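As stored in model-v3.cif (mmCIF, C-alpha atoms and all ligand atoms):
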data_coords
#
loop_
_atom_site.label_atom_id
_atom_site.label_comp_id
_atom_site.auth_asym_id
_atom_site.auth_seq_id
_atom_site.Cartn_x
_atom_site.Cartn_y
_atom_site.Cartn_z
CA MET G 3 18.93 -28.14 1.74
CA PRO G 4 16.80 -27.83 4.91
CA ASP G 5 16.04 -30.98 6.91
CA GLU G 6 12.53 -32.33 6.34
CA LYS G 7 11.29 -31.28 9.81
CA SER G 8 12.05 -27.60 9.27
CA ILE G 9 10.07 -27.43 6.01
CA GLU G 10 6.77 -25.61 6.52
CA ASN G 11 3.56 -27.26 5.34
CA VAL G 12 2.23 -23.97 4.04
CA VAL G 13 3.54 -20.43 3.95
CA ILE G 14 1.01 -17.65 3.35
CA VAL G 15 2.19 -14.37 1.83
CA GLY G 16 -0.02 -11.36 2.57
CA SER G 17 -2.33 -10.31 5.40
CA GLY G 18 -5.57 -8.95 3.98
CA PRO G 19 -8.91 -10.80 4.14
CA ALA G 20 -7.55 -13.51 1.80
CA GLY G 21 -4.34 -14.17 3.74
CA TRP G 22 -5.93 -14.29 7.22
CA THR G 23 -8.83 -16.45 6.03
CA ALA G 24 -6.33 -18.89 4.48
CA ALA G 25 -4.45 -18.86 7.80
CA ILE G 26 -7.63 -19.54 9.84
CA TYR G 27 -8.53 -22.54 7.67
CA ALA G 28 -4.95 -23.86 7.46
CA ALA G 29 -4.44 -23.52 11.22
CA ARG G 30 -7.71 -25.28 12.01
CA ALA G 31 -6.64 -28.08 9.64
CA ASN G 32 -3.49 -28.54 11.81
CA LEU G 33 -1.16 -27.34 9.05
CA ASN G 34 0.66 -24.97 11.44
CA PRO G 35 0.76 -22.16 8.86
CA LEU G 36 3.44 -19.50 8.73
CA VAL G 37 2.40 -16.03 7.48
CA PHE G 38 4.60 -13.27 6.09
CA PRO G 39 2.09 -10.43 6.74
CA GLY G 40 4.12 -7.78 4.93
CA ARG G 41 5.75 -4.62 6.20
CA ALA G 42 4.12 -1.20 6.41
CA VAL G 43 5.93 0.43 3.51
CA SER G 44 3.51 3.17 2.49
CA LYS G 45 0.07 4.51 3.37
CA ASP G 46 -1.62 2.00 1.07
CA LEU G 47 0.65 -1.02 1.63
CA VAL G 48 0.26 -2.07 5.25
CA PRO G 49 -0.31 -5.27 7.26
CA GLY G 50 -4.03 -5.93 7.29
CA GLY G 51 -4.39 -4.87 3.68
CA GLN G 52 -6.61 -2.39 1.93
CA LEU G 53 -9.36 -2.34 4.56
CA MET G 54 -6.92 -0.67 6.95
CA LEU G 55 -7.51 2.44 4.81
CA THR G 56 -11.23 2.71 5.38
CA THR G 57 -13.49 3.59 8.28
CA ASP G 58 -16.78 2.20 6.99
CA VAL G 59 -17.29 -1.35 5.83
CA GLU G 60 -21.04 -1.71 5.43
CA ASN G 61 -21.28 -4.68 3.08
CA TYR G 62 -19.41 -7.43 4.94
CA PRO G 63 -22.02 -9.93 6.20
CA GLY G 64 -22.27 -10.30 9.97
CA PHE G 65 -21.90 -6.58 10.78
CA PRO G 66 -25.41 -5.08 10.47
CA GLU G 67 -24.24 -1.76 11.91
CA GLY G 68 -21.16 -1.64 9.68
CA VAL G 69 -17.61 -1.97 10.97
CA ASP G 70 -14.41 0.07 10.95
CA GLY G 71 -11.92 -1.46 8.47
CA GLN G 72 -9.03 -1.56 10.97
CA GLN G 73 -11.21 -3.17 13.63
CA MET G 74 -12.39 -5.76 11.15
CA MET G 75 -8.87 -6.69 10.08
CA THR G 76 -7.76 -6.87 13.71
CA LYS G 77 -10.52 -9.44 14.27
CA PHE G 78 -9.36 -11.46 11.23
CA PHE G 79 -5.79 -11.37 12.60
CA GLU G 80 -6.84 -12.35 16.14
CA GLN G 81 -8.92 -15.24 14.82
CA ALA G 82 -5.98 -16.57 12.80
CA MET G 83 -3.62 -16.23 15.80
CA ARG G 84 -6.09 -17.94 18.14
CA PHE G 85 -5.69 -21.18 16.20
CA GLY G 86 -1.88 -21.11 16.34
CA THR G 87 -0.86 -19.23 13.17
CA ARG G 88 2.77 -18.08 13.28
CA VAL G 89 3.66 -14.68 11.83
CA VAL G 90 7.12 -13.58 10.68
CA THR G 91 8.34 -10.45 12.48
CA ASP G 92 11.84 -8.99 12.57
CA ASP G 93 12.45 -11.40 15.51
CA GLY G 94 11.47 -14.38 13.34
CA PRO G 95 8.25 -16.42 13.59
CA VAL G 96 6.08 -15.69 16.65
CA THR G 97 2.67 -16.85 17.84
CA GLU G 98 1.86 -13.66 19.74
CA THR G 99 2.53 -10.00 19.04
CA VAL G 100 2.23 -7.16 21.50
CA ALA G 101 1.51 -4.61 18.79
CA GLY G 102 -1.01 -6.71 16.88
CA LEU G 103 -1.26 -5.66 13.25
CA TYR G 104 1.21 -2.83 13.91
CA SER G 105 4.09 -5.24 14.63
CA PRO G 106 7.29 -5.11 12.53
CA PHE G 107 6.25 -7.86 10.14
CA GLN G 108 8.44 -9.01 7.28
CA SER G 109 7.47 -8.89 3.61
CA VAL G 110 8.64 -11.58 1.24
CA ALA G 111 11.48 -9.99 -0.69
CA GLU G 112 12.74 -13.09 -2.51
CA ILE G 113 10.93 -16.22 -3.58
CA ASP G 114 12.17 -19.29 -5.43
CA LEU G 115 9.38 -21.41 -6.88
CA SER G 116 11.62 -23.27 -9.34
CA LYS G 117 11.94 -26.37 -7.16
CA ARG G 118 10.44 -27.92 -4.02
CA PRO G 119 10.66 -27.17 -1.21
CA PHE G 120 9.93 -23.58 -2.22
CA ARG G 121 12.19 -20.95 -0.66
CA LEU G 122 10.99 -17.57 0.66
CA LYS G 123 13.15 -14.87 2.18
CA GLY G 124 11.82 -11.92 4.16
CA ASP G 125 13.02 -8.34 3.88
CA GLY G 126 14.26 -8.73 7.47
CA GLY G 127 16.35 -11.76 6.49
CA TYR G 128 14.14 -14.62 7.73
CA GLU G 129 14.30 -17.61 5.38
CA ALA G 130 11.59 -20.26 5.14
CA PHE G 131 11.23 -23.43 3.10
CA ALA G 132 7.76 -24.69 2.28
CA HIS G 133 5.98 -27.64 0.72
CA SER G 134 3.20 -25.29 -0.40
CA VAL G 135 2.70 -21.54 -0.71
CA ILE G 136 -0.43 -19.37 -0.80
CA ILE G 137 0.04 -15.96 -2.43
CA ALA G 138 -2.47 -13.41 -1.09
CA THR G 139 -0.67 -10.12 -1.66
CA GLY G 140 -3.65 -8.12 -2.92
CA ALA G 141 -3.62 -5.07 -5.14
CA LYS G 142 -3.65 -1.36 -4.63
CA ALA G 143 -5.85 1.16 -6.31
CA ASN G 144 -4.15 3.64 -8.63
CA TRP G 145 -4.60 7.27 -7.58
CA LEU G 146 -3.95 10.54 -9.37
CA GLY G 147 -1.24 11.58 -6.91
CA LEU G 148 -2.74 15.02 -6.20
CA GLU G 149 -2.06 16.91 -3.00
CA ASN G 150 -5.48 16.71 -1.30
CA GLU G 151 -6.41 13.30 -2.62
CA GLN G 152 -5.28 11.03 0.25
CA ARG G 153 -6.41 13.43 2.97
CA LEU G 154 -9.94 13.43 1.53
CA ALA G 155 -9.82 9.69 0.80
CA GLN G 156 -9.40 8.92 4.49
CA GLY G 157 -12.06 9.54 7.09
CA GLY G 158 -15.04 10.09 4.81
CA GLY G 159 -13.87 13.15 2.84
CA GLY G 160 -15.73 12.05 -0.28
CA VAL G 161 -12.79 10.76 -2.36
CA SER G 162 -12.78 7.00 -2.96
CA ALA G 163 -11.34 4.31 -5.21
CA CYS G 164 -14.30 1.94 -4.91
CA ALA G 165 -17.85 2.88 -5.89
CA VAL G 166 -19.27 -0.52 -4.93
CA CYS G 167 -17.70 -0.16 -1.45
CA ASP G 168 -18.58 3.46 -0.74
CA GLY G 169 -21.21 4.66 -3.26
CA ALA G 170 -24.18 3.81 -1.03
CA LEU G 171 -22.87 5.84 1.94
CA PRO G 172 -25.23 8.67 2.98
CA ILE G 173 -22.57 11.33 2.18
CA PHE G 174 -23.01 10.64 -1.54
CA ARG G 175 -26.83 10.55 -1.69
CA ASP G 176 -28.38 12.94 -4.25
CA LYS G 177 -25.02 14.65 -4.84
CA GLU G 178 -23.24 15.42 -8.10
CA LEU G 179 -20.41 12.88 -8.27
CA ALA G 180 -17.60 12.19 -10.72
CA VAL G 181 -15.72 9.08 -11.81
CA VAL G 182 -12.20 9.43 -13.23
CA GLY G 183 -11.36 7.01 -16.04
CA GLY G 184 -12.60 5.76 -19.38
CA GLY G 185 -12.42 1.96 -19.22
CA ASP G 186 -15.05 -0.69 -18.49
CA SER G 187 -14.56 -0.30 -14.72
CA ALA G 188 -15.15 3.44 -14.97
CA VAL G 189 -18.42 2.86 -16.82
CA GLU G 190 -19.45 0.19 -14.30
CA GLU G 191 -18.68 2.49 -11.37
CA ALA G 192 -20.48 5.47 -12.97
CA THR G 193 -23.55 3.35 -13.76
CA TYR G 194 -23.60 1.98 -10.21
CA LEU G 195 -23.38 5.49 -8.74
CA THR G 196 -26.41 6.68 -10.75
CA LYS G 197 -28.54 4.66 -8.29
CA PHE G 198 -27.72 7.18 -5.54
CA ALA G 199 -26.42 10.34 -7.17
CA ALA G 200 -28.25 13.32 -8.67
CA LYS G 201 -25.77 13.20 -11.56
CA VAL G 202 -22.51 11.44 -12.41
CA TYR G 203 -19.74 12.99 -14.50
CA MET G 204 -17.18 10.76 -16.16
CA ILE G 205 -13.91 12.65 -16.44
CA HIS G 206 -11.81 11.24 -19.24
CA ARG G 207 -8.54 12.55 -20.63
CA ARG G 208 -9.21 11.41 -24.22
CA ASP G 209 -11.97 12.01 -26.80
CA ALA G 210 -13.19 8.39 -26.79
CA LEU G 211 -13.79 5.84 -24.04
CA ARG G 212 -11.42 2.87 -23.73
CA ALA G 213 -14.39 0.81 -22.56
CA SER G 214 -15.85 -1.92 -24.78
CA LYS G 215 -18.43 -0.70 -27.29
CA ILE G 216 -21.38 -2.06 -25.34
CA MET G 217 -20.18 -0.46 -22.09
CA ALA G 218 -19.44 2.85 -23.81
CA GLU G 219 -22.98 2.87 -25.23
CA ARG G 220 -24.37 2.16 -21.78
CA ALA G 221 -22.61 5.24 -20.40
CA LYS G 222 -23.61 7.50 -23.28
CA SER G 223 -27.27 6.49 -23.16
CA ASN G 224 -27.62 6.91 -19.38
CA GLU G 225 -29.39 10.21 -18.73
CA LYS G 226 -27.68 10.66 -15.40
CA ILE G 227 -24.16 10.29 -16.86
CA ASP G 228 -22.42 13.22 -18.46
CA ILE G 229 -19.02 12.51 -20.05
CA LEU G 230 -16.46 15.30 -19.86
CA TRP G 231 -14.04 14.58 -22.71
CA ASN G 232 -10.37 15.63 -22.89
CA LYS G 233 -10.19 16.61 -19.26
CA THR G 234 -7.68 15.88 -16.52
CA ILE G 235 -7.96 16.83 -12.84
CA LYS G 236 -5.48 19.48 -11.80
CA ASP G 237 -6.61 19.99 -8.21
CA ILE G 238 -9.13 18.64 -5.68
CA HIS G 239 -10.79 21.19 -3.36
CA GLY G 240 -12.26 20.85 0.13
CA GLU G 241 -11.17 20.87 3.78
CA GLU G 242 -13.15 18.16 5.61
CA MET G 243 -15.18 17.14 2.57
CA ILE G 244 -14.59 17.51 -1.17
CA THR G 245 -16.29 20.57 -2.69
CA GLY G 246 -15.07 20.28 -6.27
CA VAL G 247 -12.15 19.95 -8.67
CA THR G 248 -10.22 22.06 -11.14
CA LEU G 249 -10.19 20.47 -14.58
CA THR G 250 -7.69 21.12 -17.37
CA ASP G 251 -8.73 20.69 -20.99
CA THR G 252 -6.05 18.49 -22.61
CA GLN G 253 -6.58 20.18 -26.01
CA THR G 254 -6.86 23.87 -25.15
CA GLY G 255 -4.99 23.87 -21.81
CA GLU G 256 -7.86 25.87 -20.28
CA ASP G 257 -8.78 25.36 -16.62
CA SER G 258 -12.36 25.21 -15.33
CA LYS G 259 -14.00 24.48 -11.96
CA LEU G 260 -16.50 21.67 -11.35
CA PRO G 261 -18.37 21.56 -8.00
CA LEU G 262 -18.68 17.96 -6.72
CA GLY G 263 -19.98 16.06 -3.71
CA GLY G 264 -17.79 13.01 -4.35
CA LEU G 265 -14.98 11.75 -6.56
CA PHE G 266 -14.26 8.13 -7.48
CA MET G 267 -11.04 6.88 -9.07
CA ALA G 268 -11.41 4.19 -11.71
CA ILE G 269 -7.96 4.33 -13.25
CA GLY G 270 -6.99 0.75 -12.53
CA HIS G 271 -5.32 -1.26 -9.80
CA THR G 272 -1.78 -2.56 -9.45
CA PRO G 273 -1.60 -6.13 -8.14
CA ALA G 274 1.32 -6.81 -5.77
CA THR G 275 2.91 -9.49 -7.94
CA GLU G 276 6.23 -7.90 -8.83
CA PHE G 277 8.10 -9.80 -6.09
CA LEU G 278 7.28 -13.04 -7.96
CA ASN G 279 9.80 -12.01 -10.60
CA GLY G 280 7.88 -13.66 -13.43
CA GLN G 281 7.89 -17.10 -11.78
CA LEU G 282 4.09 -17.44 -11.80
CA GLU G 283 2.00 -16.97 -14.90
CA LEU G 284 0.34 -13.53 -14.88
CA ASP G 285 -2.27 -12.00 -17.16
CA GLU G 286 -1.71 -8.85 -19.21
CA LYS G 287 -2.65 -6.66 -16.23
CA LYS G 288 -0.14 -8.52 -13.96
CA TYR G 289 -2.77 -10.43 -12.00
CA ILE G 290 -1.89 -14.05 -11.17
CA LYS G 291 -3.52 -16.43 -13.64
CA LEU G 292 -5.35 -19.32 -12.04
CA ALA G 293 -4.88 -22.73 -13.66
CA ASP G 294 -8.55 -23.49 -12.97
CA PRO G 295 -10.89 -20.50 -12.50
CA TYR G 296 -13.00 -22.38 -9.93
CA ARG G 297 -10.04 -23.19 -7.72
CA SER G 298 -6.91 -21.49 -6.41
CA THR G 299 -4.31 -23.51 -8.30
CA THR G 300 -1.65 -21.74 -10.37
CA ASN G 301 0.67 -22.91 -13.12
CA ILE G 302 3.05 -24.25 -10.44
CA GLU G 303 1.94 -27.30 -8.47
CA GLY G 304 1.86 -26.55 -4.76
CA VAL G 305 1.50 -22.78 -5.27
CA PHE G 306 -1.98 -21.36 -4.69
CA ALA G 307 -3.27 -17.81 -5.02
CA ALA G 308 -6.20 -15.91 -3.55
CA GLY G 309 -7.80 -12.49 -3.27
CA ASP G 310 -7.27 -9.28 -5.19
CA CYS G 311 -3.90 -10.43 -6.61
CA VAL G 312 -5.87 -12.82 -8.85
CA ASP G 313 -9.10 -10.82 -9.18
CA SER G 314 -9.47 -7.81 -11.43
CA VAL G 315 -13.27 -8.13 -11.46
CA TYR G 316 -14.87 -8.26 -8.00
CA ARG G 317 -12.20 -6.87 -5.64
CA GLN G 318 -14.26 -7.15 -2.45
CA ALA G 319 -13.33 -8.30 1.05
CA ILE G 320 -15.90 -11.09 0.99
CA THR G 321 -14.66 -12.50 -2.33
CA ALA G 322 -11.03 -12.24 -1.17
CA ALA G 323 -11.88 -14.06 2.07
CA GLY G 324 -13.76 -16.74 0.08
CA MET G 325 -10.75 -17.26 -2.14
CA GLY G 326 -8.47 -17.49 0.91
CA CYS G 327 -10.67 -20.29 2.22
CA LYS G 328 -10.47 -22.10 -1.13
CA ALA G 329 -6.67 -21.77 -1.23
CA ALA G 330 -6.25 -23.29 2.26
CA ILE G 331 -8.54 -26.21 1.41
CA ASP G 332 -6.77 -26.72 -1.94
CA ALA G 333 -3.38 -26.65 -0.20
CA GLU G 334 -4.52 -29.09 2.50
CA ARG G 335 -5.83 -31.57 -0.08
CA TRP G 336 -2.74 -31.23 -2.23
CA LEU G 337 -0.43 -31.78 0.75
CA GLY G 338 -2.47 -34.90 1.61
CA GLU G 339 -2.01 -36.21 -1.94
CA GLN G 340 1.76 -35.62 -1.59
CA GLY G 341 1.81 -37.58 1.66
CA VAL G 342 2.83 -34.52 3.70
CA GLU G 343 1.35 -34.75 7.21
C1 LIG G 401 -10.37 2.56 0.58
C2 LIG G 401 -10.93 1.19 0.33
C3 LIG G 401 -12.18 0.86 0.83
C4 LIG G 401 -12.69 -0.39 0.60
N1 LIG G 401 -13.92 -0.69 1.12
C5 LIG G 401 -14.42 -1.92 0.96
C6 LIG G 401 -15.68 -2.27 1.53
O1 LIG G 401 -16.35 -1.43 2.14
N2 LIG G 401 -16.12 -3.54 1.33
C7 LIG G 401 -15.42 -4.48 0.64
O2 LIG G 401 -15.86 -5.62 0.53
N3 LIG G 401 -14.24 -4.18 0.07
C8 LIG G 401 -13.72 -2.94 0.21
N4 LIG G 401 -12.53 -2.62 -0.36
C9 LIG G 401 -11.83 -3.65 -1.15
C10 LIG G 401 -11.14 -4.64 -0.20
O3 LIG G 401 -10.37 -3.93 0.73
C11 LIG G 401 -10.27 -5.62 -0.98
O4 LIG G 401 -11.06 -6.28 -1.95
C12 LIG G 401 -9.66 -6.66 -0.04
O5 LIG G 401 -8.92 -6.04 1.00
C13 LIG G 401 -8.72 -7.61 -0.80
O6 LIG G 401 -8.18 -8.50 0.11
P1 LIG G 401 -6.81 -9.25 -0.18
O7 LIG G 401 -6.54 -10.08 1.02
O8 LIG G 401 -6.85 -9.92 -1.48
O9 LIG G 401 -5.68 -8.12 -0.34
P2 LIG G 401 -5.29 -6.83 0.47
O10 LIG G 401 -6.34 -6.36 1.39
O11 LIG G 401 -4.77 -5.90 -0.57
O12 LIG G 401 -4.06 -7.33 1.37
C14 LIG G 401 -2.86 -7.78 0.81
C15 LIG G 401 -1.78 -7.75 1.86
O13 LIG G 401 -0.59 -8.35 1.34
C16 LIG G 401 0.53 -7.58 1.74
N5 LIG G 401 1.65 -7.79 0.83
C17 LIG G 401 1.84 -7.28 -0.42
N6 LIG G 401 3.03 -7.70 -0.91
C18 LIG G 401 3.59 -8.52 0.04
C19 LIG G 401 4.80 -9.26 0.13
N7 LIG G 401 5.72 -9.27 -0.85
N8 LIG G 401 5.07 -9.96 1.26
C20 LIG G 401 4.16 -9.99 2.29
N9 LIG G 401 2.98 -9.30 2.25
C21 LIG G 401 2.70 -8.58 1.14
C22 LIG G 401 -0.01 -6.14 1.71
O14 LIG G 401 0.78 -5.29 2.50
C23 LIG G 401 -1.39 -6.33 2.30
O15 LIG G 401 -1.33 -6.30 3.70
C24 LIG G 401 -11.97 -1.36 -0.15
C25 LIG G 401 -10.72 -1.03 -0.67
C26 LIG G 401 -10.19 0.22 -0.44
C27 LIG G 401 -8.83 0.57 -1.00
#
Could you express the structure from this file as structure tokens?
Amino acid sequence: MPDEKSIENVVIVGSGPAGWTAAIYAARANLNPLVFPGRAVSKDLVPGGQLMLTTDVENYPGFPEGVDGQQMMTKFFEQAMRFGTRVVTDDGPVTETVAGLYSPFQSVAEIDLSKRPFRLKGDGGYEAFAHSVIIATGAKANWLGLENEQRLAQGGGGVSACAVCDGALPIFRDKELAVVGGGDSAVEEATYLTKFAAKVYMIHRRDALRASKIMAERAKSNEKIDILWNKTIKDIHGEEMITGVTLTDTQTGEDSKLPLGGLFMAIGHTPATEFLNGQLELDEKKYIKLADPYRSTTNIEGVFAAGDCVDSVYRQAITAAGMGCKAAIDAERWLGEQGVE
């Protein structure tokens, strides 16, 4: 059992807009927060979160000219550090890093929420005990896993996993675009894209949409949407910019070419909640279930959650940051009620 003085007031897990915003608020409330920012384990799981994968953020308020995603997350990080946030690197907790967001940060590999203080252990071995925990581990978009996909998804090549984020960019204006998927999100994304595109194809591997009846009707009755049934994408073409895809008919096995000016994935997201090992209540899609939808409380007292790991609906930087703010305020108030200074 750790001595009372070494128990953290609040440990924040994750370093996207939700995690850093929680850190800014917790640090300014004198809670001396400790953040496990997470290790760079793959192209789409890096410190700084999902915005590290994009060059153009045009919808975050305060940046009328738009902002590069990496620059924006560096600013979030610097603001959190300025108020005394500690981050767990392979050398343990530090208040300054030479390499900024590219430092060797630890991920939380083990977590015990069964009793207080909560115990968290990093993948580099650092162990922390905490009165309260904020989970802000985000989610990652599901991709098809095709060869050219990631190359064209980075640096404005016309492949994206977020129509609301990227659909209004000039590269997609008046082009023929396609959305992959057949659920409600796919219909939402396709409908949204019709505002800018000449035409939107929905590419779906079955002969009926998975979307709710009302959403499916919306797609079918939209003159700009054309649903391509029983089709999967075999290949994506283009050097700097997507030029089209090869489709395979799932019934006949026949291949065909479809010229495109943009391709949007809408085949779901995977929230980073596996490390919780079933200790927090999750919904059927593995997102953390909030105890009260207007707050950040979970089914375990003292554990709060924020950002895309709880949100299968909005999935935007501004909503994630807003939830991070709520989680820090909820944690501060809860710690006060517990008599933790
Ligand atoms: C390509 C792309 C472009 C986008 N463009 C826009 C845009 O223009 N505008 C907009 O508003 N939104 C955009 N989004 C969506 C936006 O990025 C997300 O909504 C937002 O980043 C969610 O923030 P978050 O803090 O909840 O999670 P994330 O940004 O996903 O960050 C979560 C962090 O937690 C870390 N983590 C995961 N597991 C652990 C663990 N066990 N221990 C420690 N750390 C862990 C991850 O490595 C990651 O750093 C875009 C998304 C993508 C993929």
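Going from atom CA of G:Thr76 to atom C18 of ligand LIG 401 (chain G) covers 17.8 Å.
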Choose the residue, out of G:Thr321, G:Asn224, G:Ser8, G:Ser116, that has the smallest atom-to-atom separation from ligand LIG 401 (chain G); count all atoms listed in the file.
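Among the listed residues, the smallest separation from ligand LIG 401 (chain G) belongs to G:Thr321.
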Sorted by chain and rising residue number, list the residues of chain G at most 7 Å from ligand LIG 401 (chain G) (counting only C-alpha atoms and all ligand atoms), each with its closest atom pair and distance in Å to one decimal, as a Markdown table.
| residue | atom | partner | partner_atom | distance |
| --- | --- | --- | --- | --- |
| G:Val15 | CA | G:LIG401 | C20 | 4.8 |
| G:Gly16 | CA | G:LIG401 | O13 | 3.3 |
| G:Ser17 | CA | G:LIG401 | C15 | 4.4 |
| G:Gly18 | CA | G:LIG401 | O7 | 3.3 |
| G:Pro19 | CA | G:LIG401 | O7 | 4.0 |
| G:Ala20 | CA | G:LIG401 | O7 | 3.7 |
| G:Gly21 | CA | G:LIG401 | O7 | 5.4 |
| G:Phe38 | CA | G:LIG401 | C20 | 5.0 |
| G:Pro39 | CA | G:LIG401 | N9 | 4.7 |
| G:Gly40 | CA | G:LIG401 | N9 | 3.3 |
| G:Arg41 | CA | G:LIG401 | O14 | 6.2 |
| G:Ala42 | CA | G:LIG401 | O14 | 6.6 |
| G:Leu47 | CA | G:LIG401 | O14 | 4.4 |
| G:Val48 | CA | G:LIG401 | O14 | 4.3 |
| G:Pro49 | CA | G:LIG401 | O15 | 3.8 |
| G:Gly50 | CA | G:LIG401 | O15 | 4.5 |
| G:Gly51 | CA | G:LIG401 | O10 | 3.4 |
| G:Gln52 | CA | G:LIG401 | O10 | 4.0 |
| G:Leu53 | CA | G:LIG401 | O3 | 4.3 |
| G:Leu55 | CA | G:LIG401 | C1 | 5.1 |
| G:Thr56 | CA | G:LIG401 | C1 | 4.9 |
| G:Asp58 | CA | G:LIG401 | O1 | 6.1 |
| G:Val59 | CA | G:LIG401 | O1 | 3.8 |
| G:Glu60 | CA | G:LIG401 | O1 | 5.7 |
| G:Asn61 | CA | G:LIG401 | N2 | 5.6 |
| G:Tyr62 | CA | G:LIG401 | O2 | 5.9 |
| G:Gln108 | CA | G:LIG401 | C20 | 6.6 |
| G:Ser109 | CA | G:LIG401 | N8 | 3.5 |
| G:Val110 | CA | G:LIG401 | N8 | 3.9 |
| G:Ala111 | CA | G:LIG401 | N7 | 5.8 |
| G:Ala138 | CA | G:LIG401 | O8 | 5.6 |
| G:Thr139 | CA | G:LIG401 | O13 | 3.5 |
| G:Gly140 | CA | G:LIG401 | O9 | 3.3 |
| G:Ala141 | CA | G:LIG401 | O11 | 4.8 |
| G:Lys142 | CA | G:LIG401 | O11 | 6.2 |
| G:Ala143 | CA | G:LIG401 | C27 | 6.1 |
| G:Ser162 | CA | G:LIG401 | C1 | 6.2 |
| G:Ala163 | CA | G:LIG401 | C1 | 6.1 |
| G:Cys164 | CA | G:LIG401 | C4 | 6.2 |
| G:Cys167 | CA | G:LIG401 | O1 | 4.0 |
| G:Asp168 | CA | G:LIG401 | O1 | 6.1 |
| G:Ala274 | CA | G:LIG401 | N6 | 5.2 |
| G:Phe277 | CA | G:LIG401 | N7 | 5.8 |
| G:Ala308 | CA | G:LIG401 | O8 | 6.4 |
| G:Gly309 | CA | G:LIG401 | O8 | 3.3 |
| G:Asp310 | CA | G:LIG401 | O8 | 3.8 |
| G:Cys311 | CA | G:LIG401 | O8 | 5.9 |
| G:Arg317 | CA | G:LIG401 | O4 | 3.9 |
| G:Gln318 | CA | G:LIG401 | O4 | 3.4 |
| G:Ala319 | CA | G:LIG401 | O2 | 3.7 |
| G:Ile320 | CA | G:LIG401 | O2 | 5.5 |
| G:Ala322 | CA | G:LIG401 | O8 | 4.8 |
| G:Ala323 | CA | G:LIG401 | O7 | 6.7 |
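Counting only C-alpha atoms and comparing G:Gly304, G:Gly68, G:Gly94, G:Gly157, the residue that lies closest to G:Arg118 is G:Gly304.
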Could you work out an axis-aligned bounding box for all listed atoms of stretch 112-123 of chain G, with 3 Å added on each of the six sides, and give its centre and edge lengths in Å to one decimal, as JSON?
{"center_x": 11.3, "center_y": -20.5, "center_z": -3.6, "size_x": 9.8, "size_y": 20.8, "size_z": 17.5}
Nearest to G:Ile269 among G:Glu241, G:Glu339, G:Glu334, G:Glu191, with distances taken over all atoms listed in the file: which residue is it?
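Selected residue with least distance to G:Ile269: G:Glu191.
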Mind pulling up the distance from atom CA of G:Val12 to atom CA of G:Asn32?
10.7 Å
Nearest to G:Arg208, restricted to all atoms listed in the file and choosing among G:Gly183, G:Gly264, G:Gly159, G:Gly126, comes out as G:Gly183
Distance in Å - atom CA of G:Val161 versus atom CA of G:Arg175
14.1 Å
What's around G:Lys197 at 10 Å? Count only C-alpha atoms, leave out sequence neighbours fewer than 2 positions away in its own chain, and write the answer as a list in words.
Gly169, Ala170, Arg175, Asp176, Ala192, Thr193, Tyr194, Leu195, Ala199, Ala200, Lys201, Val202 and Lys226 of chain G
So, with all atoms listed in the file as the atoms that count, which of G:Asp46, G:Glu112, G:Asp70, G:Asp228 lies closest to G:Asn144?
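Among G:Asp46, G:Glu112, G:Asp70, G:Asp228, it is G:Asp46 that comes nearest to G:Asn144.
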Ranking G:Ala165, G:Leu36, G:Ala28, G:Ile137 by minimum distance to G:Ser298 and counting only C-alpha atoms, which one comes first?
G:Ile137
Sel. within 8 Å of pt (-7.1, 2.2, 14.0), counting all atoms listed in the file, output as a ChimeraX atom specification
/G:54,72-73
Please provide the set of residues having any atom within 12 Å of stretch 210-218 of chain G, restricted to all atoms listed in the file, with same-chain residues fewer than 5 positions apart removed, written as number ranges by chain.
G: 182-193, 204-205, 223-224, 227, 229-233, 268-269
